[in-house]
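Peer 1: Dropping in structure.tsv, with TSV, C-alpha atoms.
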```tsv
chain	number	residue	atom	x	y	z
A	1211	MET	CA	14.57	-26.15	-18.46
A	1212	SER	CA	13.70	-22.52	-17.70
A	1213	GLU	CA	10.34	-21.30	-16.47
A	1214	GLN	CA	8.15	-19.25	-18.75
A	1215	PRO	CA	8.14	-15.61	-17.65
A	1216	LEU	CA	5.01	-14.40	-15.89
A	1217	GLY	CA	3.04	-11.56	-17.40
A	1218	ILE	CA	1.96	-8.73	-15.14
A	1219	ASP	CA	-1.63	-9.98	-14.90
A	1220	ALA	CA	-0.48	-13.42	-13.74
A	1221	LEU	CA	1.98	-11.88	-11.29
A	1222	LEU	CA	-0.72	-9.62	-9.87
A	1223	GLU	CA	-3.06	-12.58	-9.47
A	1224	ARG	CA	-0.31	-14.57	-7.73
A	1225	VAL	CA	0.63	-11.89	-5.20
A	1226	ARG	CA	-2.99	-11.07	-4.41
A	1227	ARG	CA	-3.61	-14.67	-3.30
A	1228	ASP	CA	-1.46	-13.95	-0.24
A	1229	LEU	CA	-2.95	-10.54	0.58
A	1230	ASP	CA	-6.01	-9.91	2.70
A	1231	ARG	CA	-6.95	-6.90	0.59
A	1232	VAL	CA	-9.28	-4.39	2.23
A	1233	THR	CA	-12.15	-2.19	1.11
A	1234	PRO	CA	-12.06	1.56	1.73
A	1235	GLN	CA	-14.33	1.16	4.78
A	1236	GLU	CA	-12.10	-1.60	6.20
A	1237	ALA	CA	-8.98	0.53	5.59
A	1238	TYR	CA	-10.62	3.44	7.40
A	1239	ALA	CA	-11.52	1.21	10.35
A	1240	LEU	CA	-7.95	-0.16	10.46
A	1241	SER	CA	-6.55	3.37	10.54
A	1242	GLU	CA	-8.91	4.27	13.38
A	1243	ASP	CA	-7.64	1.18	15.25
A	1244	GLY	CA	-3.93	1.98	14.93
A	1245	GLY	CA	-3.22	0.67	11.44
A	1246	LEU	CA	-1.07	2.72	9.08
A	1247	LEU	CA	-2.33	3.96	5.72
A	1248	VAL	CA	0.57	4.42	3.30
A	1249	ASP	CA	-0.02	6.56	0.21
A	1250	ILE	CA	2.45	5.65	-2.56
A	1251	ARG	CA	0.90	7.80	-5.31
A	1252	TYR	CA	3.24	10.16	-7.08
A	1253	ALA	CA	3.14	13.88	-6.32
A	1254	ALA	CA	1.10	14.95	-9.36
A	1255	LEU	CA	-1.77	12.62	-8.36
A	1256	ARG	CA	-1.67	13.78	-4.74
A	1257	GLU	CA	-1.72	17.41	-5.87
A	1258	ARG	CA	-4.57	16.76	-8.31
A	1259	ASP	CA	-6.80	14.59	-6.10
A	1260	GLY	CA	-5.83	15.38	-2.50
A	1261	LEU	CA	-4.64	13.38	0.47
A	1262	ILE	CA	-6.09	10.94	2.95
A	1263	PRO	CA	-5.81	12.62	6.36
A	1264	GLY	CA	-3.27	10.85	8.56
A	1265	ALA	CA	-1.83	8.70	5.77
A	1266	LEU	CA	1.95	8.41	5.58
A	1267	VAL	CA	3.08	9.61	2.15
A	1268	VAL	CA	5.97	7.54	0.81
A	1269	GLU	CA	6.94	7.56	-2.84
A	1270	ARG	CA	6.86	4.03	-4.26
A	1271	ASN	CA	10.60	3.99	-4.93
A	1272	GLU	CA	11.30	4.61	-1.22
A	1273	LEU	CA	8.66	2.32	0.28
A	1274	GLU	CA	10.78	-0.64	1.36
A	1275	TRP	CA	13.48	1.59	2.87
A	1276	ARG	CA	10.95	3.66	4.82
A	1277	LEU	CA	8.84	0.77	6.17
A	1278	ASP	CA	11.50	-1.85	6.93
A	1279	PRO	CA	11.51	-1.87	10.77
A	1280	GLN	CA	15.19	-2.89	10.68
A	1281	GLY	CA	16.21	-0.32	8.07
A	1282	SER	CA	18.46	2.63	8.73
A	1283	HIS	CA	16.13	4.90	6.71
A	1284	ARG	CA	12.88	3.74	8.26
A	1285	ALA	CA	10.06	6.14	9.04
A	1286	PRO	CA	9.18	6.53	12.74
A	1287	GLU	CA	5.84	4.87	11.94
A	1288	ALA	CA	7.64	1.63	10.96
A	1289	THR	CA	7.44	0.30	14.49
A	1290	GLY	CA	7.81	-3.43	13.90
A	1291	HIS	CA	6.99	-6.43	11.77
A	1292	ASP	CA	3.46	-6.60	13.26
A	1293	LEU	CA	2.60	-3.21	11.75
A	1294	ARG	CA	-0.78	-3.28	10.03
A	1295	ALA	CA	0.02	-1.29	6.90
A	1296	VAL	CA	-2.44	-0.65	4.08
A	1297	VAL	CA	-0.68	0.47	0.91
A	1298	ILE	CA	-2.66	2.84	-1.30
A	1299	CYS	CA	-1.93	3.68	-4.93
A	1300	ASN	CA	-4.25	5.40	-7.36
A	1301	GLU	CA	-6.42	2.46	-8.47
A	1302	GLY	CA	-5.23	-0.60	-6.51
A	1303	TYR	CA	-2.75	-2.27	-8.86
A	1304	ALA	CA	0.75	-1.05	-7.95
A	1305	SER	CA	-0.24	-1.22	-4.28
A	1306	SER	CA	-0.72	-5.00	-4.49
A	1307	LEU	CA	2.83	-5.45	-5.76
A	1308	ALA	CA	4.13	-3.02	-3.13
A	1309	ALA	CA	2.32	-4.83	-0.30
A	1310	ALA	CA	3.77	-8.16	-1.50
A	1311	SER	CA	7.23	-6.60	-1.38
A	1312	LEU	CA	6.65	-5.42	2.20
A	1313	ARG	CA	5.58	-8.93	3.15
A	1314	GLN	CA	8.91	-10.21	1.82
A	1315	LEU	CA	10.55	-7.85	4.34
A	1316	GLY	CA	8.61	-9.54	7.13
A	1317	LEU	CA	5.69	-7.11	7.43
A	1318	ARG	CA	3.25	-10.01	7.58
A	1319	HIS	CA	0.14	-7.84	7.93
A	1320	ALA	CA	0.89	-5.56	4.97
A	1321	THR	CA	-1.93	-5.39	2.45
A	1322	ASP	CA	-3.46	-2.95	0.01
A	1323	LEU	CA	-6.63	-1.04	-0.68
A	1324	ILE	CA	-8.98	-2.51	-3.28
A	1325	GLY	CA	-9.54	0.21	-5.88
A	1326	GLY	CA	-6.89	2.50	-4.40
A	1327	PHE	CA	-7.36	6.18	-3.65
A	1328	GLN	CA	-10.07	6.49	-6.28
A	1329	ALA	CA	-12.23	3.94	-4.42
A	1330	TRP	CA	-11.51	5.69	-1.11
A	1331	ARG	CA	-12.69	9.01	-2.52
A	1332	ALA	CA	-15.72	7.45	-4.27
A	1333	SER	CA	-16.73	5.93	-0.91
A	1334	GLY	CA	-17.03	9.40	0.57
A	1335	LEU	CA	-14.21	8.89	3.07
A	1336	PRO	CA	-12.17	11.91	4.21
A	1337	VAL	CA	-9.89	13.62	1.67
A	1338	THR	CA	-8.06	16.91	2.12
A	1339	PRO	CA	-7.06	19.09	-0.83
```
Can you dump the structure from the file as structure tokens?

Peer 2:
Amino acid sequence: MSEQPLGIDALLERVRRDLDRVTPQEAYALSEDGGLLVDIRYAALRERDGLIPGALVVERNELEWRLDPQGSHRAPEATGHDLRAVVICNEGYASSLAAASLRQLGLRHATDLIGGFQAWRASGLPVTP
């Protein structure tokens, strides 16, 4: 007997159970303490709304290749499986799925930002045009 397919809301709920999602203030503190903020928003959103200073920009479709510490296409910031990475999308939905994918690659501390970039900006944290 086959399993019923999950809808996106159920999948999101399931993956978030395993994530220690962070608020904008917690993400900022993590970045100040050596954690890596990873902005996966697409270019049009970054151009429209700005960037988080110091965040690594990686398009969503390249994320796993750039952050896999064992990957041949990894970013220099992908230093190991203990990397504390906070994935940031626009509103905090796609980032949860992306962080779950990074955890499957062994990045056990990967998580995402509750509310995404929009929550970061609304919190008054630094943004550059």

Peer 1: Find the residues near Ala1309 in chain A: any atom within 7 Å, counting all atoms listed in the file, skip ones fewer than 5 places away on the same chain, and give them as a list in words.

Peer 2: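 In the requested format, the answer is Val1297, Ala1320, Thr1321 and Asp1322 of chain A.
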
Peer 1: Restricting the calculation to only C-alpha atoms, which member of A:Leu1293, A:Leu1315, A:Ile1262, A:Ala1310 is positioned closest to Gly1281 in chain A?

Peer 2: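 Closest to Gly1281 in chain A, using only C-alpha atoms: A:Leu1315.
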
Peer 1: So how many Å separate CA of Leu1323 in chain A and CA of Asp1243 in chain A, to one decimal?

Peer 2: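 According to the coordinates, CA of Leu1323 in chain A and CA of Asp1243 in chain A are separated by 16.1 Å.
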
Peer 1: Given the choices A:Ile1324, A:Ala1304, A:Leu1247, A:Val1232, which gets closest to Leu1261 in chain A if the distance is worked out from all atoms listed in the file?

Peer 2: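 Of all the options, A:Leu1247 lies closest to Leu1261 in chain A.
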
Peer 1: Between A:Leu1229, A:Val1248, A:Leu1277, A:Ile1218, single out the one closest to Pro1263 in chain A, counting only C-alpha atoms.

Peer 2: A:Val1248

Peer 1: Tell me which protein, DNA and RNA residues are within 8 Å of Gly1244 in chain A, counting only C-alpha atoms, leaving out same-chain ones fewer than 3 positions away, and put them as a ChimeraX atom specification.

Peer 2: /A:1240-1241,1294

Peer 1: From the list A:Glu1223, A:Glu1301, A:Glu1242, A:Glu1287, which residue is nearest Leu1255 in chain A when using all atoms listed in the file?

Peer 2: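 With all atoms listed in the file as the atom set, the closest residue is A:Glu1301.
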
Peer 1: Rank nothing, just name the residue among A:Gly1260, A:Ala1265, A:Ala1239, A:Ser1212 nearest to Arg1331 in chain A, using only C-alpha atoms.

Peer 2: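 The closest residue to Arg1331 in chain A is A:Gly1260.
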
Peer 1: Which of these residues is nearest to Leu1221 in chain A, using only C-alpha atoms: A:Glu1257, A:Asp1292, A:Ser1306, A:Asp1249?

Peer 2: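 With only C-alpha atoms as the atom set, the closest residue is A:Ser1306.
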
Peer 1: Could you tell me how far CA of Gly1326 in chain A sits from CA of Val1225 in chain A, in Å to one decimal place?

Peer 2: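 These atoms are spaced 16.3 Å apart.
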
Peer 1: One number please: CA of Pro1336 in chain A to CA of Arg1256 in chain A, in Å, one decimal.

Peer 2: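 Between CA of Pro1336 in chain A and CA of Arg1256 in chain A the gap works out to 13.9 Å.
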